[in-house]
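Peer 1: Provided below: run12.txt, containing compact mmCIF, C-alpha atoms.
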# COMPACT_ATOMS: atom_id res chain seq x y z
CA MET G 182 168.87 168.75 88.36
CA SER G 183 169.98 172.27 89.01
CA ALA G 184 173.53 173.39 89.62
CA VAL G 185 174.88 173.27 93.17
CA PRO G 186 174.34 176.52 95.08
CA VAL G 187 177.66 178.30 95.59
CA SER G 188 176.67 181.07 97.96
CA GLY G 189 176.85 180.82 101.72
CA ALA G 190 179.61 179.25 103.79
CA PRO G 191 179.05 176.28 106.09
CA VAL G 192 178.15 177.35 109.61
CA SER G 193 181.41 175.85 110.84
CA ALA G 194 183.50 178.07 108.59
CA VAL G 195 185.77 180.26 110.69
CA PRO G 196 189.22 181.78 110.37
CA VAL G 197 191.51 179.10 111.74
CA SER G 198 193.66 181.73 113.44
CA ALA G 199 190.67 183.15 115.28
CA VAL G 200 189.00 180.08 116.75
CA THR G 201 187.67 180.90 120.19
CA GLY G 202 186.23 178.63 122.82
CA LEU G 203 188.11 175.61 121.49
CA SER G 204 190.86 174.42 123.77
CA GLY G 205 191.76 171.03 122.38
CA PRO G 206 192.89 169.49 119.10
CA LEU G 207 191.65 171.24 115.97
CA LEU G 208 191.11 169.86 112.48
CA ALA G 209 191.00 172.54 109.78
CA VAL G 210 189.76 171.67 106.29
CA ASP G 211 190.81 173.73 103.27
CA PRO G 212 188.03 173.73 100.63
CA ALA G 213 190.27 175.54 98.15
CA ALA G 214 192.57 172.51 98.16
CA VAL G 215 189.61 170.23 97.45
CA ALA G 216 188.52 172.42 94.54
CA ALA G 217 192.06 172.58 93.14
CA ASN G 218 192.46 168.81 93.41
CA THR G 219 189.16 168.33 91.60
CA ARG G 220 190.25 170.65 88.80
CA LEU G 221 193.54 168.79 88.44
CA LEU G 222 191.80 165.41 88.26
CA ALA G 223 189.17 166.69 85.84
CA GLY G 224 192.01 167.90 83.65
CA ARG G 225 193.41 164.36 83.43
CA THR G 226 190.32 162.91 81.77
CA GLY G 227 187.71 163.61 79.15
CA ALA G 228 185.13 161.90 81.35
CA GLU G 229 182.80 163.47 83.90
CA VAL G 230 184.00 163.48 87.52
CA MET G 231 181.93 162.02 90.34
CA ALA G 232 183.07 163.36 93.73
CA VAL G 233 182.98 160.46 96.17
CA VAL G 234 182.34 161.85 99.65
CA LYS G 235 181.82 158.61 101.56
CA ALA G 236 183.07 158.23 105.15
CA ASP G 237 182.15 161.84 105.86
CA GLY G 238 184.17 163.09 102.94
CA PHE G 239 187.17 160.95 103.94
CA GLY G 240 187.00 162.51 107.39
CA HIS G 241 186.95 166.07 106.03
CA GLY G 242 183.19 166.70 106.17
CA ALA G 243 180.98 165.33 103.42
CA VAL G 244 178.97 168.48 102.73
CA GLU G 245 182.02 170.78 102.74
CA VAL G 246 184.02 168.48 100.46
CA ALA G 247 181.05 168.00 98.14
CA ARG G 248 180.51 171.75 97.77
CA ALA G 249 184.16 172.41 97.04
CA ALA G 250 184.43 169.52 94.58
CA LEU G 251 181.38 170.67 92.66
CA LEU G 252 182.86 174.15 92.46
CA GLY G 253 186.05 172.51 91.17
CA GLY G 254 184.31 170.79 88.29
CA ALA G 255 182.71 167.59 89.59
CA THR G 256 179.24 167.02 88.18
CA SER G 257 177.87 164.33 90.49
CA LEU G 258 178.36 162.84 93.95
CA GLY G 259 178.87 159.32 95.24
CA VAL G 260 178.56 157.67 98.65
CA THR G 261 178.21 154.16 99.95
CA SER G 262 174.95 154.02 101.92
CA ILE G 263 171.61 155.74 101.57
CA GLU G 264 172.22 157.10 105.08
CA GLU G 265 175.30 158.92 103.76
CA ALA G 266 173.35 160.31 100.82
CA LEU G 267 170.42 161.93 102.61
CA PRO G 268 172.38 164.65 104.49
CA LEU G 269 173.76 165.83 101.15
CA ARG G 270 170.24 166.34 99.86
CA GLU G 271 169.26 168.05 103.12
CA ALA G 272 172.19 170.44 102.59
CA GLY G 273 170.68 171.49 99.26
CA LEU G 274 173.10 169.70 96.95
CA ASP G 275 170.91 169.12 93.91
CA VAL G 276 173.11 167.10 91.55
CA PRO G 277 173.11 163.41 90.57
CA LEU G 278 173.93 161.34 93.65
CA LEU G 279 174.73 157.62 93.68
CA SER G 280 174.69 155.18 96.61
CA TRP G 281 176.29 151.81 95.91
CA LEU G 282 176.52 149.72 99.09
CA ASN G 283 173.22 148.89 100.75
CA PRO G 284 171.70 145.77 102.30
CA VAL G 285 168.79 144.25 100.48
CA GLU G 286 166.43 145.46 103.21
CA ALA G 287 167.51 149.12 102.87
CA ASP G 288 164.92 151.90 102.59
CA PHE G 289 164.94 152.18 98.82
CA ALA G 290 161.67 154.10 98.76
CA THR G 291 163.22 156.95 100.74
CA ALA G 292 166.22 156.91 98.44
CA VAL G 293 164.05 157.25 95.35
CA HIS G 294 162.02 160.02 96.96
CA ALA G 295 165.29 161.90 97.58
CA GLN G 296 166.40 161.25 93.99
CA VAL G 297 169.30 159.07 95.09
CA GLU G 298 170.46 156.71 92.37
CA LEU G 299 171.16 153.13 93.48
CA ALA G 300 173.70 150.50 92.54
CA VAL G 301 172.39 147.00 91.91
CA PRO G 302 174.87 144.21 92.75
CA SER G 303 172.46 141.23 92.73
CA LEU G 304 169.11 139.90 91.57
CA GLU G 305 167.87 140.20 95.15
CA HIS G 306 168.72 143.90 95.25
CA LEU G 307 167.06 144.41 91.89
CA ALA G 308 163.85 142.78 93.10
CA ALA G 309 163.83 144.83 96.32
CA ILE G 310 164.38 148.11 94.46
CA ALA G 311 161.75 147.29 91.83
CA ARG G 312 159.28 146.46 94.60
CA GLN G 313 159.97 149.44 96.93
CA GLY G 314 161.51 152.11 94.79
CA ILE G 315 159.33 152.46 91.73
CA GLY G 316 161.00 154.86 89.32
CA ALA G 317 164.49 154.30 90.69
CA ARG G 318 167.49 155.22 88.58
CA VAL G 319 169.95 152.36 88.95
CA HIS G 320 173.54 151.46 88.06
CA LEU G 321 174.17 147.75 87.50
CA HIS G 322 177.31 146.79 89.44
CA LEU G 323 179.67 144.16 88.05
CA ASP G 324 182.45 142.51 90.04
CA THR G 325 185.47 143.12 87.83
CA GLY G 326 188.02 141.23 89.89
CA LEU G 327 187.82 141.85 93.64
CA ALA G 328 185.30 139.13 94.66
CA ARG G 329 183.80 141.85 96.81
CA ASP G 330 180.82 144.06 95.92
CA GLY G 331 179.13 143.70 92.55
CA ALA G 332 177.46 140.84 90.73
CA ALA G 333 179.58 137.79 89.95
CA PRO G 334 180.20 137.30 86.22
CA ALA G 335 178.18 134.07 86.28
CA GLU G 336 175.12 136.05 87.43
CA TRP G 337 175.61 139.08 85.22
CA ALA G 338 173.58 138.06 82.18
CA ALA G 339 170.61 137.09 84.34
CA LEU G 340 170.83 140.40 86.19
CA CYS G 341 170.89 142.35 82.95
CA ARG G 342 167.89 140.47 81.56
CA ALA G 343 165.92 140.97 84.77
CA ALA G 344 166.81 144.66 84.80
CA ARG G 345 165.53 145.01 81.25
CA VAL G 346 162.23 143.37 82.23
CA ALA G 347 161.90 145.73 85.21
CA GLU G 348 162.75 148.71 83.02
CA ARG G 349 160.18 147.77 80.37
CA GLY G 350 157.63 147.39 83.15
CA GLY G 351 158.27 150.94 84.33
CA ARG G 352 159.64 149.83 87.70
CA LEU G 353 163.09 151.40 87.27
CA ARG G 354 165.51 152.82 84.75
CA VAL G 355 169.04 151.55 84.18
CA VAL G 356 171.16 154.69 83.83
CA GLY G 357 174.62 153.30 84.58
CA VAL G 358 177.01 150.37 84.78
CA MET G 359 179.86 150.32 87.27
CA GLY G 360 182.86 148.28 88.35
CA HIS G 361 186.08 148.73 90.31
CA LEU G 362 189.73 147.87 89.65
CA ALA G 363 191.61 145.73 92.14
CA CYS G 364 195.15 147.06 91.66
CA ALA G 365 194.80 150.53 90.15
CA ASP G 366 197.32 151.89 92.66
CA GLU G 367 199.90 149.74 90.86
CA PRO G 368 199.85 150.99 87.26
CA GLY G 369 200.69 148.19 84.90
CA HIS G 370 199.51 145.41 87.20
CA PRO G 371 197.94 142.66 85.05
CA ALA G 372 194.81 142.68 87.22
CA ASN G 373 193.96 146.11 85.81
CA ALA G 374 193.95 144.88 82.22
CA ALA G 375 191.87 141.89 83.32
CA GLY G 376 189.42 144.22 85.06
CA ARG G 377 189.09 146.41 81.97
CA LEU G 378 188.42 143.36 79.81
CA ARG G 379 185.78 142.05 82.19
CA PHE G 380 184.08 145.43 82.27
CA ALA G 381 184.10 145.62 78.47
CA TRP G 382 182.52 142.16 78.38
CA GLY G 383 179.95 143.31 80.94
CA LEU G 384 179.00 146.25 78.74
CA ARG G 385 178.48 143.94 75.76
CA VAL G 386 176.14 141.82 77.86
CA VAL G 387 174.27 144.93 78.95
CA ARG G 388 173.75 146.03 75.37
CA ALA G 389 172.72 142.53 74.31
CA ALA G 390 169.98 142.65 76.96
CA GLY G 391 168.60 145.79 75.31
CA LEU G 392 169.79 148.25 77.97
CA LYS G 393 171.30 151.62 77.05
CA PRO G 394 172.89 153.15 80.18
CA ALA G 395 174.51 156.54 79.62
CA ALA G 396 176.94 156.33 82.54
CA ARG G 397 179.76 153.77 82.46
CA HIS G 398 182.32 153.99 85.26
CA LEU G 399 185.21 151.81 86.36
CA ALA G 400 188.02 154.14 87.46
CA ALA G 401 188.54 155.59 90.94
CA THR G 402 191.27 158.09 91.92
CA ALA G 403 194.30 155.96 91.05
CA ALA G 404 192.99 154.91 87.65
CA ALA G 405 191.75 158.43 86.96
CA LEU G 406 195.36 159.57 87.30
CA THR G 407 197.15 156.75 85.49
CA ASP G 408 194.85 154.59 83.38
CA PRO G 409 192.90 156.49 80.68
CA LEU G 410 191.70 153.22 79.14
CA SER G 411 189.49 152.75 82.22
CA HIS G 412 187.81 156.17 82.17
CA HIS G 413 184.71 155.52 80.02
CA THR G 414 182.10 158.28 80.59
CA LEU G 415 182.71 158.89 84.31
CA VAL G 416 185.49 158.58 86.89
CA ARG G 417 184.81 158.30 90.62
CA VAL G 418 187.25 160.38 92.66
CA GLY G 419 187.31 160.22 96.45
CA ALA G 420 190.75 160.12 98.05
CA GLY G 421 192.12 162.46 95.39
CA LEU G 422 189.66 165.17 96.36
CA VAL G 423 191.36 165.56 99.73
CA GLY G 424 194.91 165.27 98.41
CA ILE G 425 195.63 161.55 98.61
CA ASP G 426 197.33 160.07 95.57
CA PRO G 427 197.21 156.26 95.91
CA THR G 428 199.70 155.80 93.07
CA ARG G 429 202.55 157.75 94.71
CA ASP G 430 202.89 155.96 98.04
CA GLY G 431 203.33 159.26 99.84
CA ALA G 432 206.05 160.60 97.54
CA ASP G 433 206.61 164.33 97.52
CA SER G 434 206.11 164.52 93.76
CA THR G 435 202.32 164.24 93.93
CA LEU G 436 200.50 167.25 92.51
CA LEU G 437 197.49 166.82 94.77
CA ARG G 438 197.31 169.04 97.85
CA PRO G 439 196.30 167.66 101.26
CA ALA G 440 193.19 169.46 102.50
CA MET G 441 193.46 168.74 106.23
CA THR G 442 195.60 170.21 109.01
CA LEU G 443 195.52 168.74 112.51
CA THR G 444 196.89 170.77 115.43
CA ALA G 445 196.95 170.41 119.20
CA PRO G 446 197.99 172.70 122.06
CA VAL G 447 200.73 171.93 124.57
CA VAL G 448 198.90 171.30 127.86
CA THR G 449 201.86 170.59 130.17
CA VAL G 450 205.63 171.10 130.03
CA ARG G 451 208.12 169.43 132.32
CA ARG G 452 211.88 169.22 132.64
CA VAL G 453 213.24 165.71 133.18
CA ARG G 454 216.62 164.21 133.97
CA ALA G 455 218.60 161.79 131.86
CA GLY G 456 217.29 158.28 132.42
CA THR G 457 213.66 159.31 132.92
CA PRO G 458 211.33 156.70 131.40
CA VAL G 459 208.23 157.93 129.56
CA GLY G 460 204.79 156.45 128.99
CA TYR G 461 203.26 153.00 129.28
CA GLY G 462 205.78 150.20 129.25
CA HIS G 463 208.68 152.66 129.52
CA THR G 464 209.47 152.09 125.85
CA TRP G 465 211.52 155.30 125.73
CA THR G 466 213.97 156.71 128.23
CA ALA G 467 215.43 160.20 128.02
CA PRO G 468 219.08 159.82 126.93
CA ALA G 469 219.89 163.24 128.39
CA ALA G 470 218.16 165.98 130.36
CA THR G 471 215.37 167.37 128.22
CA THR G 472 212.00 169.10 128.20
CA LEU G 473 208.82 167.15 127.50
CA GLY G 474 205.56 168.58 126.23
CA LEU G 475 202.16 166.89 126.42
CA LEU G 476 199.55 167.08 123.63
CA PRO G 477 195.92 166.18 124.42
CA LEU G 478 195.16 163.66 121.72
CA GLY G 479 195.87 159.98 121.22
CA TYR G 480 194.63 156.82 119.61
CA ALA G 481 191.03 157.47 120.73
CA ASP G 482 191.24 160.55 118.52
CA GLY G 483 192.62 158.60 115.58
CA LEU G 484 196.39 158.82 115.99
CA PRO G 485 197.72 155.39 115.01
CA ARG G 486 199.25 153.73 118.07
CA ALA G 487 201.53 151.83 115.69
CA ALA G 488 203.33 155.12 114.98
CA SER G 489 204.73 155.16 118.53
CA GLY G 490 208.48 155.67 118.54
CA ARG G 491 208.53 156.99 114.97
CA ALA G 492 206.05 159.87 114.75
CA GLU G 493 206.91 163.58 114.83
CA VAL G 494 205.06 166.89 115.13
CA LEU G 495 206.04 170.42 114.18
CA LEU G 496 206.59 172.96 116.97
CA HIS G 497 208.56 176.21 116.82
CA GLY G 498 209.45 175.50 113.19
CA ARG G 499 211.14 172.16 113.89
CA ARG G 500 210.09 168.55 113.82
CA ARG G 501 209.90 167.16 117.36
CA PRO G 502 209.78 163.42 118.07
CA VAL G 503 206.81 161.78 119.77
CA VAL G 504 208.37 159.69 122.54
CA GLY G 505 206.98 156.75 124.45
CA ARG G 506 203.80 155.00 123.46
CA ILE G 507 200.89 156.92 122.01
CA SER G 508 198.20 156.70 124.69
CA MET G 509 194.44 156.79 124.35
CA ASP G 510 194.20 160.53 125.04
CA GLN G 511 197.71 161.97 124.96
CA VAL G 512 201.17 161.94 123.44
CA VAL G 513 204.49 163.15 124.81
CA VAL G 514 206.84 165.20 122.63
CA ASP G 515 210.57 165.64 123.25
CA LEU G 516 211.19 169.39 123.04
CA GLY G 517 214.90 169.25 123.79
CA GLU G 518 216.25 172.54 125.11
CA LYS G 519 213.59 174.68 123.46
CA GLU G 520 211.50 176.83 125.78
CA VAL G 521 207.82 176.24 125.05
CA ARG G 522 204.89 177.93 126.74
CA LEU G 523 201.63 176.26 127.71
CA GLY G 524 199.03 176.65 124.99
CA GLU G 525 201.49 176.85 122.12
CA VAL G 526 200.21 174.88 119.16
CA ALA G 527 201.89 171.88 117.55
CA THR G 528 201.03 170.81 114.02
CA VAL G 529 200.44 167.08 114.02
CA PHE G 530 200.05 166.89 110.27
CA GLY G 531 199.17 169.16 107.37
CA PRO G 532 200.02 169.78 103.72
CA GLY G 533 203.75 170.01 104.52
CA ASP G 534 204.23 173.63 103.47
CA ASP G 535 206.14 174.57 106.61
CA GLY G 536 207.93 171.30 107.12
CA GLU G 537 205.20 169.72 109.21
CA PRO G 538 204.49 166.01 108.92
CA THR G 539 201.80 164.98 106.46
CA ALA G 540 199.15 162.30 106.69
CA ALA G 541 201.40 160.30 104.37
CA ASP G 542 204.16 160.49 107.00
CA TRP G 543 201.81 159.20 109.68
CA ALA G 544 200.69 156.42 107.35
CA ARG G 545 204.31 155.42 106.76
CA TRP G 546 205.13 155.53 110.48
CA SER G 547 202.19 153.24 111.24
CA ASP G 548 202.42 150.99 108.15
CA THR G 549 198.96 151.87 106.87
CA LEU G 550 197.21 154.05 104.28
CA GLU G 551 196.65 157.80 104.34
CA HIS G 552 192.98 156.94 103.91
CA GLU G 553 192.97 155.25 107.31
CA VAL G 554 194.74 158.16 108.98
CA VAL G 555 192.33 160.86 107.77
CA THR G 556 189.13 158.84 108.16
CA GLY G 557 190.06 157.63 111.64
CA LEU G 558 190.04 161.00 113.42
CA GLY G 559 187.53 160.90 116.25
CA ALA G 560 184.60 163.06 117.28
CA ARG G 561 186.57 164.75 120.07
CA VAL G 562 188.65 166.61 117.50
CA HIS G 563 186.97 169.94 116.73
CA ARG G 564 186.43 170.48 113.02
CA VAL G 565 186.40 173.84 111.23
CA VAL G 566 186.48 175.00 107.62
CA ALA G 567 189.06 177.65 106.84
CA ARG G 568 187.47 180.88 105.60
CA SER G 569 190.65 181.69 103.73
CA GLY G 570 189.98 178.65 101.57
CA LEU G 571 186.38 179.67 101.05
CA ARG G 572 187.38 183.17 99.96
CA SER G 573 189.68 181.77 97.31
CA LEU G 574 186.71 179.89 95.84
CA ALA G 575 184.56 183.01 95.56
What would the structure in this file look like if it were written as structure tokens?

Peer 2:
Amino acid sequence: MSAVPVSGAPVSAVPVSAVTGLSGPLLAVDPAAVAANTRLLAGRTGAEVMAVVKADGFGHGAVEVARAALLGGATSLGVTSIEEALPLREAGLDVPLLSWLNPVEADFATAVHAQVELAVPSLEHLAAIARQGIGARVHLHLDTGLARDGAAPAEWAALCRAARVAERGGRLRVVGVMGHLACADEPGHPANAAGRLRFAWGLRVVRAAGLKPAARHLAATAAALTDPLSHHTLVRVGAGLVGIDPTRDGADSTLLRPAMTLTAPVVTVRRVRAGTPVGYGHTWTAPAATTLGLLPLGYADGLPRAASGRAEVLLHGRRRPVVGRISMDQVVVDLGEKEVRLGEVATVFGPGDDGEPTAADWARWSDTLEHEVVTGLGARVHRVVARSGLRSLA
């Protein structure tokens, strides 16, 4: 396949400071951060890097993240479903592309026509692909310890033998073997060593069946950063592309840069007396006279309701507490004595350069993962790609 085209910005690429016609919350994606993260991760391994852009590029835009990651050194792309893969082909991204989570009745013929490689987690999937998708390039998928996706060890030898028969019959070609580690975000956890051993055993079984796959991949972002024994010929990096380091638990020492900034304008301002209750259930009452600002986004837009009473935003260079419960469409911010005009913009989260909260902060406030915060942002939030980031990739 040819190299990814690097000319031409996405149609959504605009200077963030010059967005017109958008009056609500704004999500700005920095492709330069994605490229830099990819370079950093590629520098940690001697293996090839697959850029995993599932879940719409972890909420950042699959095509935009894929382009930036390929410019940063990734050599292939990964997604879950065939439906996630096809828009990448339609966007002109002509590099190896793997889909690894499909029902047995999926449209494998369309996938093969689009040159989408397919993971095979069962004999049933193998039969369906061999029947529908003649000429498919497949990656046999072994369960290495999660009891989740992938073939169970007891079925692995039979799957490998059947794959060899299908390959000799010209129905498909086995080009890869894949697995996944259960506890890679906890370096040193014994489950990681067990997963590596199971994968090594799986490769021996593959070779014994007469298969010679070139791609062997077990590590995702966390293992790519901390576990070189798991790297093999390819590492799959998803969360790390957009600045999430699963091994750091949100610590400031991570070298990865968050690629997303979420902002929202102040739509109303009101002065209230001491003792004024705020929001559903009156979970917060003003301890003194203060000014309250309203932002037009809430849990329907992806803000975790569980962060109520703990979350903050940045406005006028200072962190301001979110008070009362986070509602479906709105949050209230305690502005104190600061004079704020309607339309001024609050930063809900970003990379943290100016003291704003990060997605890791919101994850901590809501007792969840950064992954859930960034992938949960709803369709009402306008998305743009920062031209400043695109220029730095030129």

Peer 1: Take atom CA of G:Val319 and atom CA of G:Ala344 and report the distance between them in Å, one decimal.

Peer 2: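 About the pair atom CA of G:Val319 and atom CA of G:Ala344: they are 9.3 Å apart.
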
Peer 1: Output, as JSON, the centre and edge lengths in Å (one decimal) of the axis-aligned box that contains all listed atoms of stretch 452-459 of chain G with 6 Å of margin on each side.

Peer 2:
{"center_x": 213.4, "center_y": 163.0, "center_z": 131.8, "size_x": 22.4, "size_y": 24.5, "size_z": 16.4}

Peer 1: Which residues of stretch 380-446 of chain G come within 10 Å of stretch 209-233 of chain G, and what is each one's closest atom pair and distance in Å (one decimal), counting only C-alpha atoms, sorted by chain and residue number, as a tab-separated table?

Peer 2:
residue	atom	partner	partner_atom	distance
G:Ala396	CA	G:Glu229	CA	9.3
G:Arg397	CA	G:Ala228	CA	9.8
G:His398	CA	G:Ala228	CA	9.3
G:Ala401	CA	G:Val233	CA	9.1
G:Thr402	CA	G:Leu222	CA	8.2
G:Ala405	CA	G:Thr226	CA	7.0
G:Leu406	CA	G:Arg225	CA	6.5
G:Thr407	CA	G:Arg225	CA	8.7
G:Asp408	CA	G:Thr226	CA	9.6
G:Pro409	CA	G:Thr226	CA	7.0
G:His412	CA	G:Ala228	CA	6.4
G:His413	CA	G:Ala228	CA	6.5
G:Thr414	CA	G:Ala228	CA	4.8
G:Leu415	CA	G:Glu229	CA	4.6
G:Val416	CA	G:Val230	CA	5.2
G:Arg417	CA	G:Met231	CA	4.7
G:Val418	CA	G:Ala232	CA	5.2
G:Gly419	CA	G:Val233	CA	4.3
G:Ala420	CA	G:Val233	CA	8.0
G:Gly421	CA	G:Asn218	CA	6.7
G:Leu422	CA	G:Val215	CA	5.2
G:Val423	CA	G:Val215	CA	5.5
G:Gly424	CA	G:Asn218	CA	6.6
G:Ile425	CA	G:Asn218	CA	9.5
G:Leu436	CA	G:Leu221	CA	8.2
G:Leu437	CA	G:Asn218	CA	5.6
G:Arg438	CA	G:Ala214	CA	5.9
G:Pro439	CA	G:Ala214	CA	6.9
G:Ala440	CA	G:Asp211	CA	4.9
G:Met441	CA	G:Val210	CA	4.7
G:Thr442	CA	G:Ala209	CA	5.2
G:Leu443	CA	G:Ala209	CA	6.5
G:Thr444	CA	G:Ala209	CA	8.4

Peer 1: Write to file, as a PDB file, in the frame of the given file, the residues of the selection just made, with C-alpha atoms.

Peer 2:
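Ended up saving to again-v4.pdb:
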ATOM      1  CA  ALA G 396     176.940 156.330  82.540  1.00  0.00           C
ATOM      2  CA  ARG G 397     179.760 153.770  82.460  1.00  0.00           C
ATOM      3  CA  HIS G 398     182.320 153.990  85.260  1.00  0.00           C
ATOM      4  CA  ALA G 401     188.540 155.590  90.940  1.00  0.00           C
ATOM      5  CA  THR G 402     191.270 158.090  91.920  1.00  0.00           C
ATOM      6  CA  ALA G 405     191.750 158.430  86.960  1.00  0.00           C
ATOM      7  CA  LEU G 406     195.360 159.570  87.300  1.00  0.00           C
ATOM      8  CA  THR G 407     197.150 156.750  85.490  1.00  0.00           C
ATOM      9  CA  ASP G 408     194.850 154.590  83.380  1.00  0.00           C
ATOM     10  CA  PRO G 409     192.900 156.490  80.680  1.00  0.00           C
ATOM     11  CA  HIS G 412     187.810 156.170  82.170  1.00  0.00           C
ATOM     12  CA  HIS G 413     184.710 155.520  80.020  1.00  0.00           C
ATOM     13  CA  THR G 414     182.100 158.280  80.590  1.00  0.00           C
ATOM     14  CA  LEU G 415     182.710 158.890  84.310  1.00  0.00           C
ATOM     15  CA  VAL G 416     185.490 158.580  86.890  1.00  0.00           C
ATOM     16  CA  ARG G 417     184.810 158.300  90.620  1.00  0.00           C
ATOM     17  CA  VAL G 418     187.250 160.380  92.660  1.00  0.00           C
ATOM     18  CA  GLY G 419     187.310 160.220  96.450  1.00  0.00           C
ATOM     19  CA  ALA G 420     190.750 160.120  98.050  1.00  0.00           C
ATOM     20  CA  GLY G 421     192.120 162.460  95.390  1.00  0.00           C
ATOM     21  CA  LEU G 422     189.660 165.170  96.360  1.00  0.00           C
ATOM     22  CA  VAL G 423     191.360 165.560  99.730  1.00  0.00           C
ATOM     23  CA  GLY G 424     194.910 165.270  98.410  1.00  0.00           C
ATOM     24  CA  ILE G 425     195.630 161.550  98.610  1.00  0.00           C
ATOM     25  CA  LEU G 436     200.500 167.250  92.510  1.00  0.00           C
ATOM     26  CA  LEU G 437     197.490 166.820  94.770  1.00  0.00           C
ATOM     27  CA  ARG G 438     197.310 169.040  97.850  1.00  0.00           C
ATOM     28  CA  PRO G 439     196.300 167.660 101.260  1.00  0.00           C
ATOM     29  CA  ALA G 440     193.190 169.460 102.500  1.00  0.00           C
ATOM     30  CA  MET G 441     193.460 168.740 106.230  1.00  0.00           C
ATOM     31  CA  THR G 442     195.600 170.210 109.010  1.00  0.00           C
ATOM     32  CA  LEU G 443     195.520 168.740 112.510  1.00  0.00           C
ATOM     33  CA  THR G 444     196.890 170.770 115.430  1.00  0.00           C
TER      34      THR G 444
END

Peer 1: Which neighbours of G:Val494 fall inside 7 Å, counting all atoms listed in the file, when residues of the same chain fewer than 3 positions from it are skipped, and could you give them as a list in words?

Peer 2: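 The residues that qualify are Arg500, Arg501, Pro502, Ala527, Thr528, Val529, Phe530, Glu537 and Pro538 of chain G.
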
Peer 1: With a distance cut-off of 9 Å and all atoms listed in the file, select the neighbouring residues of stretch 487-491 of chain G, excluding the residue or stretch itself and same-chain residues fewer than 3 positions from it, and output the selection as a list in words.

Peer 2: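 Counting all atoms listed in the file, the residues come to Thr464, Trp465, Leu484, Pro502, Val503, Val504, Gly505, Arg506, Ile507, Trp543, Ala544, Arg545, Trp546, Ser547 and Asp548 of chain G.
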
Peer 1: Work out how far atom CA of G:Leu475 is from atom CA of G:Gln511, in Å to one decimal.

Peer 2: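 Here the two named atoms are 6.8 Å from each other.
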
Peer 1: Expressed in Å to a single decimal, how great is the separation between atom CA of G:Ala250 and atom CA of G:Thr539?

Peer 2: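 Here the two named atoms are 21.5 Å from each other.
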
Peer 1: Pick out the closest residue to G:Asp330 from this set: G:Trp382, G:Phe289, G:Trp281, G:Tyr461. Count only C-alpha atoms.

Peer 2: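 Checking each of G:Trp382, G:Phe289, G:Trp281, G:Tyr461 against G:Asp330, counting only C-alpha atoms, the winner is G:Trp281.
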
Peer 1: For G:Thr261, list every protein, DNA or RNA residue within 12 Å, evaluated using all atoms listed in the file, and leave out those in the same chain fewer than 6 positions away; present the list as a VMD selection string.

Peer 2: chain G and resid 233 to 239 267 278 to 284 297 to 300 330 419

Peer 1: Measuring atom to atom with all atoms listed in the file, identify which of G:Val513, G:Leu558, G:Ala266, G:Ala445 is nearest to G:Ala481.

Peer 2: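 Checking each candidate against G:Ala481, we get G:Leu558 as the closest.
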
Peer 1: Name the closest residue to G:Gly557 among the candidates G:Asp482, G:Asp426, G:Glu305, G:Glu271; distances are taken between atoms, counting only C-alpha atoms.

Peer 2: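 Using only C-alpha atoms, G:Gly557 sits closest to G:Asp482.
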
Peer 1: Mind listing whatever residues come within 12 Å of the point (188.5, 140.6, 84.0)? Use all atoms listed in the file, file coordinates, and give them as a PyMOL selection string.

Peer 2: chain G and resi 323-328+333-334+360-363+371-383+399

Peer 1: Which of these residues is nearest to G:His306, using all atoms listed in the file: G:His320, G:Arg248, G:His294, G:Arg452?

Peer 2: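 Nearest to G:His306: G:His320.
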
Peer 1: Just the residues within 9 Å of G:Glu518, please, counting all atoms listed in the file, with nothing from its chain fewer than 6 positions along; format it as a ChimeraX atom specification.

Peer 2: /G:470-472

Peer 1: Taking the point (163.1, 146.6, 97.3) as given in the file, collect each protein or nucleic acid residue that comes within 8 Å of it, counting all atoms listed in the file, and present the set as JSON, numbers by chain.

Peer 2: {"G": [285, 286, 287, 288, 289, 290, 306, 307, 308, 309, 310, 311, 312, 313, 314]}

Peer 1: Please write a file for stretch 437-441 of chain G, taken from the block I just shared, that holds N, CA, C and O atoms and is laid out as a compact mmCIF listing (two decimals), in the first residue's frame.

Peer 2:
# COMPACT_ATOMS: atom_id res chain seq x y z
N LEU G 437 3.38 12.18 27.66
CA LEU G 437 2.39 12.30 26.59
C LEU G 437 1.58 13.57 26.77
O LEU G 437 1.30 13.99 27.89
N ARG G 438 1.19 14.18 25.65
CA ARG G 438 0.48 15.45 25.69
C ARG G 438 -0.99 15.27 25.32
O ARG G 438 -1.29 14.78 24.21
N PRO G 439 -1.92 15.66 26.18
CA PRO G 439 -3.34 15.59 25.81
C PRO G 439 -3.61 16.39 24.54
O PRO G 439 -3.08 17.49 24.35
N ALA G 440 -4.45 15.83 23.67
CA ALA G 440 -4.69 16.43 22.36
C ALA G 440 -6.05 17.11 22.26
O ALA G 440 -6.42 17.57 21.19
N MET G 441 -6.78 17.20 23.34
CA MET G 441 -8.14 17.72 23.31
C MET G 441 -8.31 18.86 24.31
O MET G 441 -7.85 18.78 25.45
